[in-house]
$ cat model38.txt   # compact mmCIF, C-alpha atoms
# COMPACT_ATOMS: atom_id res chain seq x y z
CA LEU A 1 18.18 -13.78 -15.86
CA VAL A 2 16.13 -10.92 -14.59
CA GLU A 3 12.98 -12.70 -15.74
CA LEU A 4 13.98 -15.87 -13.98
CA SER A 5 14.54 -13.94 -10.83
CA ALA A 6 11.11 -12.34 -11.13
CA GLU A 7 9.44 -15.73 -11.58
CA LEU A 8 11.26 -17.16 -8.62
CA ARG A 9 10.31 -14.19 -6.56
CA LEU A 10 6.70 -14.71 -7.51
CA ALA A 11 6.92 -18.35 -6.54
CA ILE A 12 8.41 -17.36 -3.22
CA ALA A 13 5.72 -14.78 -2.70
CA LEU A 14 2.96 -17.27 -3.42
CA ASN A 15 4.46 -19.93 -1.19
CA ALA A 16 5.54 -17.59 1.51
CA PRO A 17 4.61 -18.36 5.08
CA THR A 18 1.93 -16.11 6.44
CA LEU A 19 3.07 -14.14 9.43
CA PRO A 20 0.03 -13.79 11.67
CA GLY A 21 -1.46 -10.34 11.43
CA THR A 22 1.28 -8.84 9.32
CA CYS A 23 0.80 -5.16 8.60
CA ALA A 24 1.24 -4.78 4.87
CA ALA A 25 -2.12 -5.34 3.36
CA ASP A 26 -1.17 -7.97 0.82
CA ARG A 27 0.02 -10.20 3.63
CA GLY A 28 -3.07 -9.47 5.66
CA LEU A 29 -5.34 -10.13 2.74
CA ARG A 30 -3.58 -13.37 2.13
CA ALA A 31 -4.88 -14.40 5.52
CA LYS A 32 -8.27 -13.07 4.57
CA THR A 33 -8.29 -15.01 1.31
CA GLN A 34 -7.40 -18.01 3.33
CA GLU A 35 -10.59 -17.56 5.31
CA ILE A 36 -12.64 -17.00 2.20
CA ASP A 37 -11.16 -19.99 0.46
CA GLY A 38 -11.52 -22.18 3.51
CA GLY A 39 -7.76 -22.59 3.83
CA GLN A 40 -5.99 -24.27 6.67
CA GLY A 41 -5.70 -21.15 8.78
CA ASP A 42 -2.91 -22.66 10.80
CA GLY A 43 -0.74 -19.57 10.45
CA THR A 44 2.19 -21.59 9.15
CA ARG A 45 2.61 -22.34 5.49
CA ARG A 46 -0.01 -21.70 2.93
CA ILE A 47 -0.14 -22.12 -0.81
CA PRO A 48 -3.21 -20.47 -2.34
CA THR A 49 -4.00 -23.51 -4.42
CA VAL A 50 -7.76 -23.11 -4.38
CA ASP A 51 -7.43 -19.60 -5.66
CA LEU A 52 -5.15 -20.54 -8.52
CA ALA A 53 -6.77 -23.80 -9.47
CA ARG A 54 -10.07 -22.07 -9.89
CA ALA A 55 -8.68 -19.79 -12.56
CA ALA A 56 -6.53 -22.34 -14.38
CA PRO A 57 -7.24 -25.86 -13.16
CA ASN A 58 -4.87 -27.56 -15.58
CA ALA A 59 -1.97 -25.19 -15.51
CA GLY A 60 1.35 -26.80 -14.66
CA THR A 61 3.34 -24.30 -12.66
CA VAL A 62 2.68 -21.63 -10.15
CA GLU A 63 3.90 -18.92 -12.53
CA THR A 64 1.67 -20.11 -15.37
CA LYS A 65 -1.39 -20.35 -13.19
CA SER A 66 -0.89 -16.91 -11.84
CA THR A 67 -0.36 -15.42 -15.30
CA VAL A 68 -3.47 -17.09 -16.66
CA LYS A 69 -5.45 -15.94 -13.68
CA GLU A 70 -4.40 -12.36 -14.14
CA THR A 71 -5.00 -12.38 -17.89
CA LYS A 72 -8.46 -13.73 -17.31
CA ARG A 73 -9.17 -11.08 -14.71
CA MET A 74 -7.96 -8.29 -16.94
CA SER A 75 -10.28 -9.40 -19.72
CA GLN A 76 -13.29 -9.30 -17.39
CA ILE A 77 -13.01 -5.84 -15.96
CA LEU A 78 -14.38 -3.05 -18.14
CA ALA A 79 -11.67 -1.67 -20.39
CA PRO A 80 -10.55 1.92 -21.00
CA GLY A 81 -12.74 3.70 -23.52
CA THR A 82 -15.93 2.16 -22.11
CA ALA A 83 -18.63 4.36 -20.62
CA ALA A 84 -18.75 3.67 -16.88
CA PRO A 85 -22.17 2.21 -15.99
CA ASP A 86 -24.10 4.61 -13.79
CA PHE A 87 -25.19 3.45 -10.35
CA LYS A 88 -26.90 4.70 -7.24
CA LEU A 89 -25.72 3.19 -3.97
CA ARG A 90 -26.17 3.84 -0.29
CA VAL A 91 -23.30 5.91 1.09
CA THR A 92 -24.62 6.11 4.66
CA PRO A 93 -27.59 4.37 6.25
CA ASP A 94 -29.82 7.23 5.05
CA GLN A 95 -28.04 8.77 2.05
CA TRP A 96 -27.50 7.69 -1.54
CA LEU A 97 -24.84 8.62 -4.06
CA SER A 98 -25.05 8.36 -7.85
CA LEU A 99 -22.02 8.19 -10.07
CA SER A 100 -23.69 10.79 -12.30
CA ASP A 101 -23.61 13.23 -9.35
CA LEU A 102 -19.85 13.36 -9.81
CA LYS A 103 -19.73 14.14 -13.53
CA GLY A 104 -17.36 16.94 -14.38
CA ARG A 105 -14.42 15.57 -12.42
CA PRO A 106 -12.33 12.39 -12.46
CA VAL A 107 -13.57 9.59 -10.25
CA ILE A 108 -11.56 6.72 -8.79
CA LEU A 109 -13.57 3.56 -8.14
CA ALA A 110 -11.85 1.18 -5.75
CA PHE A 111 -13.69 -2.14 -5.48
CA TYR A 112 -12.37 -4.22 -2.58
CA PRO A 113 -13.38 -7.51 -0.96
CA ALA A 114 -14.32 -6.53 2.58
CA ASP A 115 -14.18 -3.99 5.38
CA TRP A 116 -12.11 -4.80 8.45
CA SER A 117 -9.05 -6.37 6.93
CA PRO A 118 -6.88 -7.10 9.95
CA VAL A 119 -3.95 -4.83 9.12
CA CYS A 120 -3.01 -1.23 9.76
CA GLY A 121 -1.90 -0.48 6.22
CA ASP A 122 -4.85 -1.89 4.36
CA GLN A 123 -5.88 -0.63 0.96
CA MET A 124 -8.50 1.85 2.14
CA ALA A 125 -6.26 3.19 4.93
CA LEU A 126 -3.53 3.68 2.36
CA TYR A 127 -5.78 5.58 -0.04
CA ASN A 128 -6.97 7.67 2.89
CA GLU A 129 -3.41 8.91 3.37
CA ILE A 130 -2.91 9.55 -0.34
CA LEU A 131 -6.25 11.33 -0.73
CA PRO A 132 -4.70 14.83 -0.92
CA GLU A 133 -2.73 13.70 -3.97
CA PHE A 134 -5.85 12.39 -5.69
CA ARG A 135 -7.60 15.66 -4.94
CA LYS A 136 -4.77 17.66 -6.49
CA HIS A 137 -6.02 16.18 -9.74
CA GLY A 138 -9.58 17.12 -8.82
CA ALA A 139 -10.44 13.44 -8.44
CA GLU A 140 -12.99 11.93 -6.10
CA LEU A 141 -12.40 8.51 -4.57
CA LEU A 142 -15.18 6.01 -3.91
CA GLY A 143 -14.59 2.72 -2.12
CA ILE A 144 -17.08 -0.02 -2.98
CA SER A 145 -17.68 -3.38 -1.35
CA VAL A 146 -20.66 -5.61 -0.63
CA ASP A 147 -20.63 -4.68 3.05
CA GLY A 148 -23.75 -2.88 4.30
CA ALA A 149 -23.97 0.82 5.06
CA TRP A 150 -23.85 0.33 8.84
CA CYS A 151 -20.75 -1.79 8.51
CA HIS A 152 -19.14 0.83 6.27
CA GLU A 153 -20.01 3.52 8.76
CA ALA A 154 -18.33 1.71 11.64
CA PHE A 155 -15.30 0.85 9.52
CA ALA A 156 -14.88 4.40 8.19
CA LYS A 157 -15.17 5.79 11.69
CA ASP A 158 -12.65 3.33 13.10
CA ARG A 159 -10.08 4.03 10.38
CA HIS A 160 -10.79 7.77 10.11
CA LEU A 161 -11.57 7.49 6.41
CA HIS A 162 -12.22 10.79 4.65
CA PHE A 163 -13.89 9.47 1.52
CA PRO A 164 -17.19 7.67 0.90
CA LEU A 165 -17.63 3.92 1.10
CA LEU A 166 -20.52 2.66 -1.00
CA ALA A 167 -22.58 -0.39 -0.10
CA ASP A 168 -23.08 -2.67 -3.10
CA PHE A 169 -25.30 -4.62 -0.76
CA HIS A 170 -28.69 -5.12 -2.36
CA PRO A 171 -29.01 -6.64 -4.87
CA LYS A 172 -25.67 -7.94 -3.70
CA GLY A 173 -22.74 -7.04 -5.93
CA GLU A 174 -24.91 -5.73 -8.75
CA VAL A 175 -22.71 -2.70 -9.44
CA ALA A 176 -19.51 -4.72 -9.19
CA LYS A 177 -20.96 -7.19 -11.69
CA SER A 178 -21.71 -4.38 -14.14
CA TYR A 179 -18.01 -3.42 -14.01
CA GLY A 180 -16.74 -6.99 -14.27
CA ALA A 181 -15.41 -6.66 -10.73
CA TYR A 182 -17.42 -9.30 -8.86
CA ARG A 183 -15.94 -12.51 -7.56
CA GLU A 184 -18.88 -14.88 -7.87
CA THR A 185 -17.19 -17.82 -6.15
CA ASP A 186 -16.64 -15.85 -2.95
CA GLY A 187 -19.50 -13.41 -3.13
CA VAL A 188 -17.25 -10.37 -2.77
CA CYS A 189 -15.90 -7.61 -4.98
CA GLU A 190 -12.61 -8.16 -6.73
CA ARG A 191 -9.71 -5.90 -5.86
CA ALA A 192 -10.38 -3.74 -8.91
CA LEU A 193 -9.45 -0.15 -9.65
CA LEU A 194 -10.91 2.17 -12.26
CA VAL A 195 -10.14 5.78 -13.04
CA LEU A 196 -12.94 7.62 -14.86
CA ASP A 197 -12.60 10.93 -16.66
CA ASN A 198 -14.85 13.96 -16.21
CA ARG A 199 -17.44 12.54 -18.61
CA GLY A 200 -17.64 9.16 -16.94
CA GLU A 201 -15.53 7.31 -19.49
CA ILE A 202 -13.11 4.70 -18.18
CA PHE A 203 -9.58 6.03 -18.59
CA TRP A 204 -7.72 3.21 -16.82
CA SER A 205 -8.67 -0.03 -15.12
CA TYR A 206 -6.82 -2.76 -13.29
CA CYS A 207 -7.81 -5.90 -11.46
CA SER A 208 -5.29 -7.11 -8.91
CA PRO A 209 -4.93 -10.69 -7.72
CA ILE A 210 -7.26 -10.66 -4.72
CA ALA A 211 -4.45 -11.44 -2.27
CA VAL A 212 -2.34 -8.49 -3.41
CA ASN A 213 -3.09 -4.96 -2.35
CA PRO A 214 -2.38 -3.05 -5.58
CA GLY A 215 -1.18 0.12 -3.84
CA ALA A 216 -1.83 3.53 -5.34
CA ASP A 217 0.88 3.84 -7.97
CA GLY A 218 -1.39 2.79 -10.84
CA ILE A 219 -4.03 5.34 -9.86
CA LEU A 220 -1.50 8.15 -9.50
CA GLU A 221 0.05 7.31 -12.85
CA ALA A 222 -3.35 7.26 -14.56
CA LEU A 223 -4.25 10.65 -13.09
CA GLU A 224 -0.92 12.07 -14.20
CA ASN A 225 -1.39 10.69 -17.71
CA MET A 226 -4.95 11.95 -18.04
CA PRO A 227 -5.10 15.01 -20.33
CA ASN A 228 -6.27 18.16 -18.54
CA GLU A 229 -9.38 18.48 -20.74
CA ARG A 230 -10.52 15.11 -19.42
CA LYS A 231 -9.97 16.21 -15.82
CA ASN A 232 -11.59 19.64 -15.87
CA GLY A 233 -15.26 20.34 -16.34
CA HIS A 234 -16.26 21.61 -19.79
CA GLY A 235 -14.60 24.98 -19.60
CA HIS A 236 -14.78 25.02 -15.81
CA ALA A 237 -11.70 25.64 -13.74
CA GLN A 238 -10.43 22.53 -12.02
CA SER A 239 -10.41 24.28 -8.68
CA SER A 240 -14.19 24.69 -8.81
CA SER A 241 -14.75 20.97 -8.94
CA HIS A 242 -13.38 20.03 -5.58
CA ALA A 243 -12.51 21.27 -2.18
CA ALA A 244 -9.26 20.18 -0.61
CA MET B 1 0.65 -2.97 -8.94
CA VAL B 2 1.99 -6.48 -8.68
CA MET B 3 5.43 -5.84 -10.15
CA ALA B 4 5.90 -2.52 -8.40
CA THR B 5 9.30 -0.89 -8.67
CA LEU B 6 11.03 1.81 -6.69
CA LYS B 7 10.47 5.13 -8.48
CA VAL B 8 12.81 7.23 -6.33
CA PRO B 9 16.42 6.06 -6.59
CA VAL B 10 18.55 5.82 -3.47
CA THR B 11 20.75 8.91 -3.12
CA GLN B 12 23.01 10.50 -0.54
CA HIS B 13 19.94 12.21 0.90
CA ASP B 14 18.71 8.82 2.09
CA HIS B 15 19.47 7.24 5.43
CA ILE B 16 21.82 4.41 4.50
CA ARG B 17 23.37 1.76 6.71
CA GLY B 18 25.97 -0.67 5.35
CA PRO B 19 28.66 -0.59 2.67
CA ALA B 20 28.10 2.04 -0.03
CA ASN B 21 29.19 -0.35 -2.78
CA ALA B 22 27.08 -3.31 -1.61
CA PRO B 23 25.58 -5.26 -4.55
CA VAL B 24 22.13 -5.41 -2.94
CA THR B 25 20.11 -2.53 -1.52
CA LEU B 26 17.18 -3.21 0.79
CA VAL B 27 14.80 -0.26 1.11
CA GLU B 28 12.15 -0.24 3.80
CA TYR B 29 9.17 2.09 3.86
CA GLY B 30 8.16 2.11 7.49
CA ASP B 31 6.10 3.79 10.17
CA TYR B 32 7.47 4.15 13.72
CA GLU B 33 4.08 3.45 15.26
CA CYS B 34 3.28 0.41 13.13
CA PRO B 35 3.61 -2.70 15.32
CA TYR B 36 4.63 -4.82 12.32
CA CYS B 37 7.44 -2.43 11.48
CA GLY B 38 8.43 -2.89 15.11
CA LEU B 39 8.44 -6.65 14.59
CA ALA B 40 10.45 -6.24 11.39
CA HIS B 41 13.12 -4.05 13.01
CA PRO B 42 15.20 -6.78 14.72
CA ILE B 43 14.70 -9.00 11.67
CA VAL B 44 16.13 -6.35 9.36
CA ASN B 45 19.09 -5.96 11.71
CA ALA B 46 19.64 -9.72 11.66
CA VAL B 47 19.41 -9.80 7.87
CA GLN B 48 21.98 -7.04 7.66
CA ALA B 49 24.29 -8.92 10.01
CA HIS B 50 23.83 -11.96 7.77
CA PHE B 51 25.16 -10.03 4.74
CA PRO B 52 27.76 -7.72 6.27
CA GLN B 53 29.49 -6.93 2.96
CA GLN B 54 26.74 -7.48 0.44
CA LEU B 55 23.81 -5.48 1.74
CA ARG B 56 23.06 -1.86 2.42
CA PHE B 57 19.84 -0.86 4.14
CA VAL B 58 17.81 2.28 3.50
CA PHE B 59 14.92 3.48 5.64
CA ARG B 60 12.25 5.82 4.30
CA HIS B 61 9.22 7.21 6.10
CA PHE B 62 5.70 6.06 5.39
CA PRO B 63 3.63 7.27 8.34
CA LEU B 64 -0.04 6.27 8.29
CA ASN B 65 -1.16 9.31 10.24
CA GLN B 66 -4.87 8.61 10.30
CA VAL B 67 -4.36 5.36 12.20
CA HIS B 68 -1.07 6.19 13.95
CA PRO B 69 -1.27 9.62 15.57
CA THR B 70 2.36 9.72 16.77
CA ALA B 71 3.94 8.32 13.60
CA GLU B 72 4.52 11.70 11.99
CA ALA B 73 6.13 13.24 15.08
CA ALA B 74 8.35 10.17 15.41
CA ALA B 75 9.44 10.42 11.78
CA GLU B 76 10.17 14.13 12.14
CA THR B 77 12.12 13.43 15.34
CA ALA B 78 14.24 10.90 13.46
CA GLU B 79 14.90 13.56 10.81
CA PHE B 80 15.80 16.02 13.53
CA ALA B 81 18.29 13.50 14.87
CA ALA B 82 19.57 13.01 11.32
CA ALA B 83 20.31 16.72 11.10
CA HIS B 84 22.56 16.15 14.11
CA GLY B 85 24.16 13.08 12.58
CA GLN B 86 22.26 10.60 14.73
CA PHE B 87 19.49 9.22 12.54
CA TRP B 88 20.22 5.54 13.15
CA GLU B 89 20.65 6.01 16.88
CA MET B 90 17.20 7.59 17.06
CA HIS B 91 15.71 5.08 14.60
CA ASP B 92 16.87 2.13 16.69
CA ALA B 93 15.87 3.78 19.95
CA ILE B 94 12.32 4.50 18.76
CA TYR B 95 11.73 0.93 17.60
CA GLU B 96 13.34 -0.54 20.68
CA ASN B 97 10.98 1.51 22.87
CA GLN B 98 7.97 1.38 20.57
CA ASP B 99 5.65 0.16 23.32
CA LYS B 100 6.16 3.52 25.06
CA LEU B 101 5.92 5.66 21.92
CA GLY B 102 4.57 9.15 22.47
CA LEU B 103 5.91 12.70 22.61
CA PRO B 104 7.42 12.18 26.10
CA LEU B 105 9.43 9.23 24.78
CA LEU B 106 10.65 11.21 21.74
CA PHE B 107 11.90 14.01 24.00
CA ALA B 108 13.46 11.54 26.42
CA LEU B 109 15.31 9.84 23.57
CA ALA B 110 16.50 13.19 22.24
CA ALA B 111 17.82 14.03 25.70
CA ALA B 112 19.50 10.64 25.99
CA LEU B 113 21.25 11.25 22.68
CA GLY B 114 22.35 14.70 23.82
CA LEU B 115 20.13 16.54 21.34
CA PRO B 116 18.76 19.97 22.27
CA GLU B 117 15.21 19.52 23.51
CA ALA B 118 14.10 23.10 22.76
CA ASP B 119 15.24 22.74 19.16
CA LEU B 120 13.27 19.52 18.79
CA ARG B 121 10.19 21.20 20.22
CA ASN B 122 10.52 24.09 17.77
CA ALA B 123 11.19 21.79 14.82
CA LEU B 124 8.09 19.71 15.56
CA ALA B 125 5.92 22.78 16.14
CA ALA B 126 7.07 24.36 12.88
CA GLY B 127 6.88 21.11 10.92
CA LYS B 128 10.47 21.71 9.89
CA TYR B 129 11.01 18.16 8.70
CA ALA B 130 7.46 17.49 7.52
CA PRO B 131 8.30 18.14 3.83
CA LYS B 132 11.08 15.53 3.94
CA VAL B 133 8.74 12.98 5.56
CA ARG B 134 5.97 13.75 3.04
CA ALA B 135 8.43 13.43 0.16
CA ASP B 136 9.39 9.98 1.39
CA PHE B 137 5.72 9.06 1.70
CA LEU B 138 4.78 10.24 -1.79
CA GLY B 139 7.76 8.52 -3.36
CA GLY B 140 6.58 5.35 -1.65
CA ALA B 141 3.02 5.77 -2.87
CA ARG B 142 4.28 6.19 -6.42
CA SER B 143 6.44 3.10 -6.06
CA GLY B 144 3.56 0.87 -5.02
CA VAL B 145 4.04 0.82 -1.25
CA ASN B 146 0.86 -0.93 -0.15
CA GLY B 147 1.18 -0.98 3.61
CA THR B 148 3.84 -0.95 6.26
CA PRO B 149 6.43 -2.25 6.22
CA THR B 150 7.03 -2.54 2.48
CA PHE B 151 10.45 -3.61 1.26
CA PHE B 152 12.19 -3.15 -2.08
CA ILE B 153 15.19 -5.25 -3.00
CA ASN B 154 17.33 -3.65 -5.70
CA GLY B 155 14.31 -1.62 -6.71
CA GLU B 156 11.74 -4.41 -6.92
CA ARG B 157 8.96 -4.63 -4.37
CA HIS B 158 9.32 -7.68 -2.14
CA ASN B 159 5.90 -9.32 -2.13
CA GLY B 160 6.83 -12.04 0.34
CA THR B 161 6.75 -11.73 4.09
CA PHE B 162 9.40 -9.98 6.17
CA GLU B 163 10.40 -13.10 8.03
CA PHE B 164 14.15 -13.65 8.21
CA ASP B 165 14.24 -16.67 5.89
CA ASP B 166 12.07 -14.96 3.30
CA LEU B 167 14.12 -11.78 3.19
CA VAL B 168 17.40 -13.70 3.10
CA ALA B 169 16.15 -15.94 0.26
CA ALA B 170 14.97 -12.94 -1.74
CA ILE B 171 18.28 -11.15 -1.24
CA GLU B 172 20.21 -14.25 -2.26
CA LEU B 173 18.22 -14.42 -5.49
CA HIS B 174 19.39 -10.93 -6.32
CA LEU B 175 22.98 -11.81 -5.42
CA HIS B 176 22.86 -14.88 -7.67
CA ALA B 177 21.18 -13.03 -10.52
CA ARG B 178 23.92 -10.46 -10.29
CA ALA B 179 26.69 -13.03 -10.12
CA ALA B 180 25.35 -14.75 -13.25
CA LEU B 181 25.27 -11.56 -15.31
$ encode --input "model38.txt" --output "structure tokens"
Amino acid sequence: LVELSAELRLAIALNAPTLPGTCAADRGLRAKTQEIDGGQGDGTRRIPTVDLARAAPNAGTVETKSTVKETKRMSQILAPGTAAPDFKLRVTPDQWLSLSDLKGRPVILAFYPADWSPVCGDQMALYNEILPEFRKHGAELLGISVDGAWCHEAFAKDRHLHFPLLADFHPKGEVAKSYGAYRETDGVCERALLVLDNRGEIFWSYCSPIAVNPGADGILEALENMPNERKNGHGHAQSSSHAA
Amino acid sequence: MVMATLKVPVTQHDHIRGPANAPVTLVEYGDYECPYCGLAHPIVNAVQAHFPQQLRFVFRHFPLNQVHPTAEAAAETAEFAAAHGQFWEMHDAIYENQDKLGLPLLFALAAALGLPEADLRNALAAGKYAPKVRADFLGGARSGVNGTPTFFINGERHNGTFEFDDLVAAIELHLHARAAL
């Protein structure tokens, strides 16, 4: 009975009318997906059929399609235990950041589709508020999308973001592809989260349906579950690896 | 995560409106400066009126301070009012006057409710209620709150919209699931 209720809830969620400009990011991103997918954009009722059909064209029900889609996604993103591919990306119009620069502390990689989602509680704004909690674990947060460095700069300034946004801009999406976090059909990053340990090994990864803001609970849980020796530098005190 | 669940159970320390033994509990994580929470406020009231015996409503703070500079002060003012037994009066008053939200409004509302203005000033300056607001926020973050407003119905995150029909349908599902048990 509980399972039935969950399925029905999912069906309702997927068929739910889109309130124009709703604040919670999953609703907002639903509107965004609509634009990406070339949906009706009439602000009334919307079923993300394009999205689902792409992942499982022959699936019979909404629940099945969604499950297949998510399973497929999960198998694409790099799994725990894998060494995180190194990268060097522009972090401002004139500065670069390498993943290897951050060795010795946990790193959260948050791939997301686009800057400027039209909501006040979007994924990056949410992580911005939770940043002190991430830093309690000594972790650094990096947001990554295919937007250019100038776009990131304007977005970060507008939303008062206190963590770096990296531009996976040229060659477009190359880093996202190396993590299995690129959405080829739309030319944007998936909504994918990875938590890396102090040696750059993937400790946890998750790819959310692109219309659903995954929140921060998975990241917080991963950081809590990470053994201390994988958080601290080799023999270094955790406090030396970050500044709150 | 997609199937996010409420990690902090509802207790007597929460702000609760509606019958204590109601079969369905609707929890909202909200921000007083968020315009969508403002839109949701009359809808939540209508939903509660629709289920007078079957629903209790809980409000928890989730201020997005970097984008809403007055959200924290508003949340702390609501807690200040709660300490004087007037949480819901302040809660309703803030949302009903959200277009004028700012410190002057918060003090005017406190005065209108007969709350001591000097005490409010001191409480805000000292951050007296900040730990309570932060505790709400962190509990929300751990539960998968992904923006404002985010609703949980009997502990499960509501991934649909907050339109009246959507919330009512979701609540009815929980009532039916419970009735069938």
$ residues_around --input "model38.txt" --residues "Glu117 of chain B" --least-positions-apart "6" --cutoff "9 Å" --atoms "only C-alpha atoms" --output "list in words"
Phe107, Ala108, Ala110 and Ala111 of chain B
$ interface_residues --input "model38.txt" --of "chain B" --to "chain A" --cutoff "10 Å" --atoms "all atoms listed in the file" --output "ChimeraX atom specification"
/B:1-5,7,31,34-37,39-40,62-68,137-151,156-163,165-166,169-170,173-174,176-178,180-181
$ residues_around --input "model38.txt" --residues "Gly143 of chain A" --least-positions-apart "6" --cutoff "9 Å" --atoms "all atoms listed in the file" --output "mmCIF file with C-alpha atoms, keeping the file's coordinate frame"
data_model
loop_
_atom_site.group_PDB
_atom_site.id
_atom_site.type_symbol
_atom_site.label_atom_id
_atom_site.label_comp_id
_atom_site.auth_asym_id
_atom_site.auth_seq_id
_atom_site.Cartn_x
_atom_site.Cartn_y
_atom_site.Cartn_z
ATOM 1 C CA ILE A 108 -11.560 6.720 -8.790
ATOM 2 C CA LEU A 109 -13.570 3.560 -8.140
ATOM 3 C CA ALA A 110 -11.850 1.180 -5.750
ATOM 4 C CA PHE A 111 -13.690 -2.140 -5.480
ATOM 5 C CA TYR A 112 -12.370 -4.220 -2.580
ATOM 6 C CA MET A 124 -8.500 1.850 2.140
ATOM 7 C CA PHE A 163 -13.890 9.470 1.520
ATOM 8 C CA PRO A 164 -17.190 7.670 0.900
ATOM 9 C CA LEU A 165 -17.630 3.920 1.100
ATOM 10 C CA LEU A 166 -20.520 2.660 -1.000
ATOM 11 C CA ALA A 167 -22.580 -0.390 -0.100
#
$ atom_distance --input "model38.txt" --atom1 "atom CA of Ala156 of chain A" --atom2 "atom CA of Cys189 of chain A"
17.9 Å
$ atom_distance --input "model38.txt" --atom1 "atom CA of Leu141 of chain A" --atom2 "atom CA of Ala79 of chain A"
18.8 Å
$ closest_residue --input "model38.txt" --among "B:Arg17, B:Ala22, B:Thr70, B:His50" --to "Phe164 of chain B" --atoms "only C-alpha atoms"
B:His50
$ atom_distance --input "model38.txt" --atom1 "atom CA of Trp150 of chain A" --atom2 "atom CA of Pro113 of chain A"
16.3 Å
$ residues_near_point --input "model38.txt" --point "(16.3, -3.4, 17.4)" --cutoff "9 Å" --atoms "all atoms listed in the file" --output "VMD selection string"
chain B and resid 38 to 45 91 to 96
$ closest_residue --input "model38.txt" --among "A:Asp197, A:Gly180, A:Thr185, A:Arg90" --to "Ile144 of chain A" --atoms "all atoms listed in the file"
A:Arg90
$ residues_around --input "model38.txt" --residues "Leu99 of chain A" --least-positions-apart "5" --cutoff "7 Å" --atoms "only C-alpha atoms" --output "PyMOL selection string"
chain A and resi 86-88
